[in-house]
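Source file: structure.tsv; contents: TSV, C-alpha atoms.
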```
chain	number	residue	atom	x	y	z
Z	1	MET	CA	0.00	0.00	0.00
Z	2	ALA	CA	2.87	2.36	0.76
Z	3	ASP	CA	4.23	1.80	-2.76
Z	4	LEU	CA	0.90	2.50	-4.49
Z	5	GLU	CA	1.34	5.15	-7.15
Z	6	LEU	CA	-1.75	7.32	-6.77
Z	7	LEU	CA	-3.53	9.07	-9.61
Z	8	ASP	CA	-4.80	12.14	-7.76
Z	9	PRO	CA	-8.04	13.58	-9.17
Z	10	ILE	CA	-8.43	16.92	-10.91
Z	11	PHE	CA	-11.41	18.93	-9.66
Z	12	LEU	CA	-13.14	21.35	-12.05
Z	13	LEU	CA	-15.29	23.97	-10.33
Z	14	ASP	CA	-18.29	25.74	-11.81
Z	15	SER	CA	-17.59	29.13	-13.39
Z	16	ARG	CA	-19.80	30.85	-10.76
Z	17	GLU	CA	-18.38	29.10	-7.68
Z	18	ILE	CA	-17.06	31.34	-4.90
Z	19	TYR	CA	-16.25	28.65	-2.29
Z	20	LYS	CA	-13.15	26.49	-2.69
Z	21	PRO	CA	-11.64	23.67	-0.63
Z	22	MET	CA	-9.36	24.82	2.15
Z	23	ALA	CA	-7.46	23.59	5.19
Z	24	VAL	CA	-9.51	22.71	8.25
Z	25	ARG	CA	-7.37	25.16	10.22
Z	26	SER	CA	-9.68	27.73	8.65
Z	27	ILE	CA	-12.12	27.10	11.52
Z	28	GLU	CA	-9.57	28.67	13.87
Z	29	GLN	CA	-8.97	31.61	11.56
Z	30	VAL	CA	-12.62	32.54	10.94
Z	31	PRO	CA	-12.85	32.10	13.95
Z	32	ALA	CA	-15.64	29.63	14.58
Z	33	ALA	CA	-17.15	29.29	18.04
Z	34	VAL	CA	-17.77	25.89	19.66
Z	35	ILE	CA	-21.12	25.03	21.21
Z	36	TRP	CA	-20.74	22.12	23.65
Z	37	PRO	CA	-23.55	19.54	24.11
Z	38	SER	CA	-24.20	21.20	27.46
Z	39	GLY	CA	-24.83	24.53	25.74
Z	40	LYS	CA	-21.53	26.03	26.89
Z	41	ARG	CA	-20.06	28.31	24.23
Z	42	ASP	CA	-16.35	28.83	23.53
Z	43	PRO	CA	-15.71	31.85	21.30
Z	44	LYS	CA	-12.73	30.34	19.46
Z	45	ALA	CA	-12.51	26.76	18.18
Z	46	LYS	CA	-9.21	24.88	18.39
Z	47	LEU	CA	-8.69	21.74	16.34
Z	48	ASN	CA	-6.71	20.05	19.10
Z	49	SER	CA	-9.27	20.72	21.83
Z	50	LEU	CA	-12.71	20.13	20.34
Z	51	PRO	CA	-15.06	18.71	23.02
Z	52	ALA	CA	-14.78	14.91	23.04
Z	53	SER	CA	-18.51	14.56	23.68
Z	54	GLY	CA	-19.41	16.36	20.45
Z	55	GLY	CA	-21.16	19.67	19.96
Z	56	ARG	CA	-21.20	22.07	17.02
Z	57	LEU	CA	-19.08	24.69	15.38
Z	58	ASP	CA	-20.76	28.04	14.85
Z	59	PHE	CA	-19.56	30.35	12.09
Z	60	PRO	CA	-20.18	34.10	11.88
Z	61	ASP	CA	-22.48	35.64	9.30
Z	62	HIS	CA	-21.35	36.45	5.76
Z	63	PRO	CA	-19.15	33.40	5.08
Z	64	GLU	CA	-18.33	34.77	1.63
Z	65	LYS	CA	-16.24	37.46	3.32
Z	66	GLN	CA	-14.33	34.83	5.28
Z	67	GLU	CA	-13.77	32.87	2.07
Z	68	GLU	CA	-12.31	35.90	0.33
Z	69	ARG	CA	-9.98	36.55	3.26
Z	70	LEU	CA	-8.84	32.99	4.02
Z	71	GLU	CA	-8.75	31.20	0.66
Z	72	PRO	CA	-5.50	32.82	-0.57
Z	73	LYS	CA	-3.53	31.46	2.41
Z	74	LEU	CA	-5.47	28.29	3.34
Z	75	GLY	CA	-6.96	27.22	0.01
Z	76	ASN	CA	-5.99	24.44	-2.39
Z	77	VAL	CA	-5.73	21.96	0.50
Z	78	GLY	CA	-7.40	18.56	0.86
Z	79	TYR	CA	-7.01	15.39	2.94
Z	80	ARG	CA	-6.00	12.00	1.60
Z	81	ARG	CA	-5.81	8.49	2.99
Z	82	VAL	CA	-5.55	4.93	1.63
Z	83	VAL	CA	-7.61	2.14	3.24
Z	84	GLN	CA	-8.44	-1.48	2.44
Z	85	GLY	CA	-11.91	-2.80	1.72
Z	86	GLY	CA	-13.48	-5.56	-0.36
Z	87	GLY	CA	-10.11	-6.76	-1.65
Z	88	LEU	CA	-9.21	-3.32	-3.02
Z	89	SER	CA	-7.08	-0.41	-1.87
Z	90	TRP	CA	-9.13	2.80	-1.77
Z	91	ALA	CA	-7.47	6.20	-2.12
Z	92	GLN	CA	-9.88	8.71	-0.57
Z	93	TYR	CA	-9.75	12.47	-1.16
Z	94	TRP	CA	-11.74	14.60	1.27
Z	95	LEU	CA	-12.44	18.31	0.76
Z	96	TRP	CA	-13.54	20.84	3.38
Z	97	TYR	CA	-15.58	23.92	2.39
Z	98	LEU	CA	-16.61	26.70	4.75
Z	99	TYR	CA	-20.16	26.89	3.42
Z	100	ASN	CA	-22.76	25.17	1.24
Z	101	PRO	CA	-25.13	27.85	-0.10
Z	102	LYS	CA	-27.18	25.51	-2.29
Z	103	ASN	CA	-30.93	25.39	-1.64
Z	104	PHE	CA	-33.20	22.72	-3.14
Z	105	VAL	CA	-36.25	20.64	-2.32
Z	106	VAL	CA	-34.77	17.80	-0.27
Z	107	ALA	CA	-32.15	19.75	1.68
Z	108	GLY	CA	-30.82	23.25	2.10
Z	109	GLU	CA	-27.88	25.54	2.63
Z	110	HIS	CA	-25.70	24.89	5.64
Z	111	GLU	CA	-22.53	25.88	7.42
Z	112	GLY	CA	-19.57	23.64	6.66
Z	113	ASP	CA	-19.32	21.03	3.93
Z	114	TRP	CA	-17.34	17.77	3.71
Z	115	GLU	CA	-17.19	16.07	0.30
Z	116	PHE	CA	-15.01	13.31	-1.10
Z	117	VAL	CA	-14.14	11.03	-3.99
Z	118	GLN	CA	-12.34	7.70	-3.93
Z	119	VAL	CA	-10.45	5.51	-6.37
Z	120	GLY	CA	-10.39	1.72	-5.94
Z	121	TYR	CA	-7.16	-0.09	-6.89
Z	122	ALA	CA	-6.62	-3.80	-7.56
Z	123	GLY	CA	-2.92	-4.02	-6.87
Z	124	ASP	CA	-1.49	-0.95	-8.60
Z	125	GLN	CA	-4.27	-0.76	-11.21
Z	126	PRO	CA	-7.23	1.62	-10.70
Z	127	VAL	CA	-10.49	-0.18	-11.42
Z	128	CYS	CA	-13.34	2.04	-10.19
Z	129	MET	CA	-14.23	5.40	-8.68
Z	130	THR	CA	-16.93	6.82	-6.39
Z	131	ALA	CA	-18.01	10.45	-5.93
Z	132	SER	CA	-20.04	11.94	-3.07
Z	133	GLN	CA	-23.37	13.49	-4.08
Z	134	HIS	CA	-25.47	14.81	-1.20
Z	135	LYS	CA	-26.57	11.81	0.89
Z	136	SER	CA	-25.74	9.33	-1.86
Z	137	GLY	CA	-23.04	9.02	-4.51
Z	138	GLY	CA	-22.16	8.27	-8.10
Z	139	ALA	CA	-19.94	5.45	-9.35
Z	140	ARG	CA	-18.07	4.48	-12.51
Z	141	MET	CA	-15.71	1.81	-13.63
Z	142	TRP	CA	-12.28	3.22	-14.37
Z	143	TRP	CA	-12.59	2.80	-18.15
Z	144	ASP	CA	-15.61	5.14	-18.09
Z	145	VAL	CA	-13.86	7.90	-16.10
Z	146	GLU	CA	-12.63	10.99	-17.95
Z	147	LEU	CA	-8.85	11.27	-17.68
Z	148	ARG	CA	-6.32	14.04	-18.18
Z	149	ASP	CA	-2.75	12.84	-18.33
Z	150	GLY	CA	-3.95	9.62	-16.73
Z	151	ARG	CA	-5.65	11.40	-13.82
Z	152	PRO	CA	-9.43	11.27	-13.17
Z	153	VAL	CA	-11.50	14.42	-13.72
Z	154	ILE	CA	-14.33	15.43	-11.37
Z	155	TYR	CA	-16.90	18.18	-11.98
Z	156	VAL	CA	-17.96	19.99	-8.79
Z	157	ALA	CA	-21.54	21.27	-8.59
Z	158	LEU	CA	-22.14	24.94	-7.87
Z	159	GLY	CA	-22.83	25.63	-4.19
Z	160	SER	CA	-23.55	22.05	-3.12
Z	161	HIS	CA	-20.03	20.84	-4.03
Z	162	ALA	CA	-21.45	17.45	-5.02
Z	163	ASN	CA	-19.03	15.59	-7.29
Z	164	TYR	CA	-19.89	14.32	-10.78
Z	165	PHE	CA	-18.06	12.52	-13.57
Z	166	LYS	CA	-19.25	14.93	-16.26
Z	167	PRO	CA	-20.65	18.48	-16.55
Z	168	VAL	CA	-24.17	18.63	-15.15
Z	169	ASN	CA	-27.19	20.88	-15.61
Z	170	GLU	CA	-30.30	20.89	-13.42
Z	171	ILE	CA	-29.94	17.38	-12.03
Z	172	PRO	CA	-33.49	16.18	-11.11
Z	173	GLU	CA	-34.59	16.71	-7.48
Z	174	VAL	CA	-31.41	18.53	-6.43
Z	175	GLY	CA	-30.97	20.96	-9.33
Z	176	ASP	CA	-27.20	20.69	-9.40
Z	177	ASP	CA	-25.25	22.64	-12.00
Z	178	GLY	CA	-21.56	22.19	-12.70
Z	179	ASP	CA	-20.09	23.45	-15.97
Z	180	GLY	CA	-16.44	22.72	-15.11
Z	181	LYS	CA	-15.40	26.09	-16.53
Z	182	GLY	CA	-14.21	27.64	-13.28
Z	183	ALA	CA	-11.09	27.02	-11.23
Z	184	VAL	CA	-9.04	23.94	-12.12
Z	185	LEU	CA	-7.74	22.25	-8.97
Z	186	ASP	CA	-4.97	20.06	-10.35
Z	187	SER	CA	-2.18	20.75	-7.85
Z	188	MET	CA	-3.86	20.30	-4.48
Z	189	SER	CA	-1.78	19.98	-1.33
Z	190	TRP	CA	-2.95	16.61	0.00
Z	191	ARG	CA	-2.47	16.30	3.76
Z	192	THR	CA	-3.03	13.58	6.33
Z	193	PHE	CA	-5.94	13.57	8.77
Z	194	GLY	CA	-5.57	14.55	12.40
Z	195	PRO	CA	-7.61	13.32	15.40
Z	196	TRP	CA	-10.25	15.89	14.42
Z	197	ALA	CA	-11.34	13.50	11.65
Z	198	GLN	CA	-13.10	11.39	14.32
Z	199	TRP	CA	-14.66	14.28	16.24
Z	200	LYS	CA	-18.25	13.46	17.27
Z	201	GLY	CA	-19.56	16.97	16.67
Z	202	ARG	CA	-20.99	18.79	13.66
Z	203	TRP	CA	-18.92	21.06	11.43
Z	204	GLY	CA	-21.38	23.94	11.58
Z	205	ASN	CA	-24.46	25.11	13.44
Z	206	SER	CA	-27.08	24.47	10.76
Z	207	THR	CA	-29.93	22.11	11.65
Z	208	GLY	CA	-32.96	20.63	9.90
Z	209	PRO	CA	-32.89	19.41	6.28
Z	210	GLY	CA	-29.71	21.43	5.71
Z	211	GLU	CA	-27.86	20.07	8.73
Z	212	SER	CA	-24.13	20.70	8.99
Z	213	PRO	CA	-21.99	17.64	8.25
Z	214	GLN	CA	-20.47	15.11	10.59
Z	215	SER	CA	-16.73	14.52	10.70
Z	216	PRO	CA	-15.36	12.28	7.91
Z	217	GLY	CA	-14.67	9.52	10.43
Z	218	CYS	CA	-18.30	9.56	11.59
Z	219	GLN	CA	-19.84	9.15	8.13
Z	220	GLY	CA	-20.36	5.40	8.28
Z	221	ASP	CA	-19.56	3.39	5.16
Z	222	ARG	CA	-17.90	6.36	3.48
Z	223	TRP	CA	-15.11	6.07	6.04
Z	224	ASN	CA	-15.31	2.55	7.45
Z	225	HIS	CA	-16.38	0.47	4.43
Z	226	PRO	CA	-15.49	2.24	1.17
Z	227	GLU	CA	-16.39	-0.87	-0.83
Z	228	ARG	CA	-19.95	-0.79	0.55
Z	229	TYR	CA	-20.29	2.89	-0.22
Z	230	HIS	CA	-19.18	2.21	-3.78
Z	231	SER	CA	-21.56	-0.73	-4.22
Z	232	LYS	CA	-24.53	1.36	-3.04
Z	233	ALA	CA	-23.71	4.35	-5.26
Z	234	ALA	CA	-25.68	4.84	-8.46
Z	235	VAL	CA	-23.79	4.06	-11.64
Z	236	GLU	CA	-23.40	7.40	-13.40
Z	237	LEU	CA	-23.74	7.20	-17.17
```

Reformat the file's structure so that it appears as structure tokens.
Amino acid sequence: MADLELLDPIFLLDSREIYKPMAVRSIEQVPAAVIWPSGKRDPKAKLNSLPASGGRLDFPDHPEKQEERLEPKLGNVGYRRVVQGGGLSWAQYWLWYLYNPKNFVVAGEHEGDWEFVQVGYAGDQPVCMTASQHKSGGARMWWDVELRDGRPVIYVALGSHANYFKPVNEIPEVGDDGDGKGAVLDSMSWRTFGPWAQWKGRWGNSTGPGESPQSPGCQGDRWNHPERYHSKAAVEL
């Protein structure tokens, strides 16, 4: 696994997108407050001292202003790991966004956004890929994935940051658009996860249909059984 030569994905953002992936340290720089399960409120979140029992982060208003300020120094960062599952090695690429402004019928805008894609390898050969899309996902065999210089290409939907294998326009039920004509993220700084990846809290203070996301390590099959997540994902034509 240590010798696996990874084909890191290229992410193509929509031409109207204002939010980009950035380092999780951004929560300290915003700064986000922490609301403990007890209701106690700390005004400044620290990655190394998030409450073990859970809680929520709480971001200030006007996240677009924070994005404009923080993206130049904390942007172009993602988190990568390789895990085993179902006889394959899975290279997972997780992206953190400060905000999800997308509103649609089955969910809504919310603070914080964790998205990811994964590539399944049989030995050193990539064979399949999965992409997060809201509460579900899309899947393709490797020979159906668009490549640039051998690397897979992902189209990121405007606002929701759902990941697709091709440009999309008004996807039924969720209304996702992603023209792929915005920023090209082909030289991401891929970092390792810290203990915060298993934090029991929510990465934002949004509730209801647009609830803020759980930590990557608390997202069930996405983290613990990548092969199951892939098998349940809809094959994207």

Interatomic distance, atom CA of Z:Asn100 to atom CA of Z:Ser160 (Å, one decimal): 5.4 Å

Would you give me, as JSON lines, each residue of stretch 141-196 of chain Z having an atom within 7 Å of an atom of stretch 15-20 of chain Z, along with its shortest atom pair and that distance in Å to one decimal, using all atoms listed in the file and sorting by chain and residue number?
```
{"residue": "Z:Leu158", "atom": "CA", "partner": "Z:Glu17", "partner_atom": "CA", "distance": 5.6}
{"residue": "Z:Gly159", "atom": "CA", "partner": "Z:Glu17", "partner_atom": "CA", "distance": 6.6}
{"residue": "Z:Asp179", "atom": "CA", "partner": "Z:Ser15", "partner_atom": "CA", "distance": 6.7}
{"residue": "Z:Gly180", "atom": "CA", "partner": "Z:Ser15", "partner_atom": "CA", "distance": 6.7}
{"residue": "Z:Lys181", "atom": "CA", "partner": "Z:Ser15", "partner_atom": "CA", "distance": 4.9}
{"residue": "Z:Gly182", "atom": "CA", "partner": "Z:Ser15", "partner_atom": "CA", "distance": 3.7}
```

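Picture a line from atom CA of Z:Leu13 to atom CA of Z:Pro60; it runs 24.9 Å.
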
Neighbour list for Z:Ala233 as a PyMOL selection string, cut-off 7 Å, all atoms listed in the file, skip fewer than 3 positions in-chain: chain Z and resi 136-139+229-230

One-decimal distance in Å that lies between atom CA of Z:Trp190 and atom CA of Z:Gly204: 23.0 Å

Shell of 9 Å around Z:Leu147, all atoms listed in the file, local chain residues under 4 positions omitted, as number ranges by chain: Z: 9-10, 151-153

Residues near Z:Gly39, cut-off 10 Å, all atoms listed in the file, skip fewer than 3 positions along chain, as an NGL selection string: :Z and (34-36 or 42 or 55-56)

Residues within 12 Å of (-10.8, -1.4, -7.9), file coordinates, counting only C-alpha atoms: what are they? Give the list as a CSV table (one decimal) with C-alpha atoms, in the coordinates of the input.
```csv
chain,number,residue,atom,x,y,z
Z,84,GLN,CA,-8.4,-1.5,2.4
Z,85,GLY,CA,-11.9,-2.8,1.7
Z,86,GLY,CA,-13.5,-5.6,-0.4
Z,87,GLY,CA,-10.1,-6.8,-1.6
Z,88,LEU,CA,-9.2,-3.3,-3.0
Z,89,SER,CA,-7.1,-0.4,-1.9
Z,90,TRP,CA,-9.1,2.8,-1.8
Z,91,ALA,CA,-7.5,6.2,-2.1
Z,118,GLN,CA,-12.3,7.7,-3.9
Z,119,VAL,CA,-10.4,5.5,-6.4
Z,120,GLY,CA,-10.4,1.7,-5.9
Z,121,TYR,CA,-7.2,-0.1,-6.9
Z,122,ALA,CA,-6.6,-3.8,-7.6
Z,123,GLY,CA,-2.9,-4.0,-6.9
Z,124,ASP,CA,-1.5,-1.0,-8.6
Z,125,GLN,CA,-4.3,-0.8,-11.2
Z,126,PRO,CA,-7.2,1.6,-10.7
Z,127,VAL,CA,-10.5,-0.2,-11.4
Z,128,CYS,CA,-13.3,2.0,-10.2
Z,129,MET,CA,-14.2,5.4,-8.7
Z,130,THR,CA,-16.9,6.8,-6.4
Z,139,ALA,CA,-19.9,5.4,-9.4
Z,140,ARG,CA,-18.1,4.5,-12.5
Z,141,MET,CA,-15.7,1.8,-13.6
Z,142,TRP,CA,-12.3,3.2,-14.4
Z,143,TRP,CA,-12.6,2.8,-18.2
Z,226,PRO,CA,-15.5,2.2,1.2
Z,227,GLU,CA,-16.4,-0.9,-0.8
Z,230,HIS,CA,-19.2,2.2,-3.8
Z,231,SER,CA,-21.6,-0.7,-4.2
```

Neighbouring residues of stretch 192-201 of chain Z were defined as those with any atom within 6 Å, considering only C-alpha atoms; residues of the same chain fewer than 6 positions away were excluded. Please report them as a tab-separated table (two decimals) with C-alpha atoms, in the frame of the given file.
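Done, and the output landed in part_24.tsv:
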```
chain	number	residue	atom	x	y	z
Z	54	GLY	CA	-19.41	16.36	20.45
Z	55	GLY	CA	-21.16	19.67	19.96
Z	56	ARG	CA	-21.20	22.07	17.02
Z	79	TYR	CA	-7.01	15.39	2.94
Z	80	ARG	CA	-6.00	12.00	1.60
Z	215	SER	CA	-16.73	14.52	10.70
Z	216	PRO	CA	-15.36	12.28	7.91
Z	217	GLY	CA	-14.67	9.52	10.43
```

Pick from Z:Asp176, Z:Lys44, Z:Pro63, Z:Pro167, whichever lies nearest to Z:Phe104 using only C-alpha atoms: Z:Asp176

Residues within 6 Å of stretch 162-165 of chain Z, all atoms listed in the file, excluding chain neighbours under 2 positions, as a ChimeraX atom specification: /Z:131-133,154-157,160

Taking C-alpha atoms for each residue, export the selection above as a PDB file, in the coordinates of the input.
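Listed below is the output, selection08.pdb:
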```pdb
ATOM      1  CA  ALA Z 131     -18.010  10.450  -5.930  1.00  0.00           C
ATOM      2  CA  SER Z 132     -20.040  11.940  -3.070  1.00  0.00           C
ATOM      3  CA  GLN Z 133     -23.370  13.490  -4.080  1.00  0.00           C
ATOM      4  CA  ILE Z 154     -14.330  15.430 -11.370  1.00  0.00           C
ATOM      5  CA  TYR Z 155     -16.900  18.180 -11.980  1.00  0.00           C
ATOM      6  CA  VAL Z 156     -17.960  19.990  -8.790  1.00  0.00           C
ATOM      7  CA  ALA Z 157     -21.540  21.270  -8.590  1.00  0.00           C
ATOM      8  CA  SER Z 160     -23.550  22.050  -3.120  1.00  0.00           C
TER       9      SER Z 160
END
```

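The closest residue to Z:Ala23, picked from Z:Val145, Z:Cys218, Z:Val117, Z:Val77 and counting only C-alpha atoms, is Z:Val77.
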
Return the padded bounding box of stretch 210-223 of chain Z as AutoDock Vina command-line options: axis-aligned, built from all atoms listed in the file, 3 Å added on each side, with centre and edge lengths in Å to one decimal.
```
--center_x -22.2 --center_y 12.4 --center_z 7.5 --size_x 21.0 --size_y 24.0 --size_z 14.1
```

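Among the candidate residues Z:Arg69, Z:Lys40, Z:His62, Z:Arg148, the one lying nearest to Z:Leu12 is Z:Arg148, with distances computed using all atoms listed in the file.
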
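For the choices Z:Asp58, Z:Asp14, Z:Asn76, Z:Glu71, the atom-to-atom distance to Z:Ser187 is smallest for Z:Asn76 when using all atoms listed in the file.
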
Given all atoms listed in the file as the counted atoms, nearest of Z:Lys65, Z:Arg222, Z:Ser212, Z:Glu170 to Z:Phe116: Z:Arg222

Nearest to Z:Leu74, chosen from Z:Pro37, Z:Pro43, Z:Pro21, Z:Gly112, with only C-alpha atoms counted in the distances: Z:Pro21
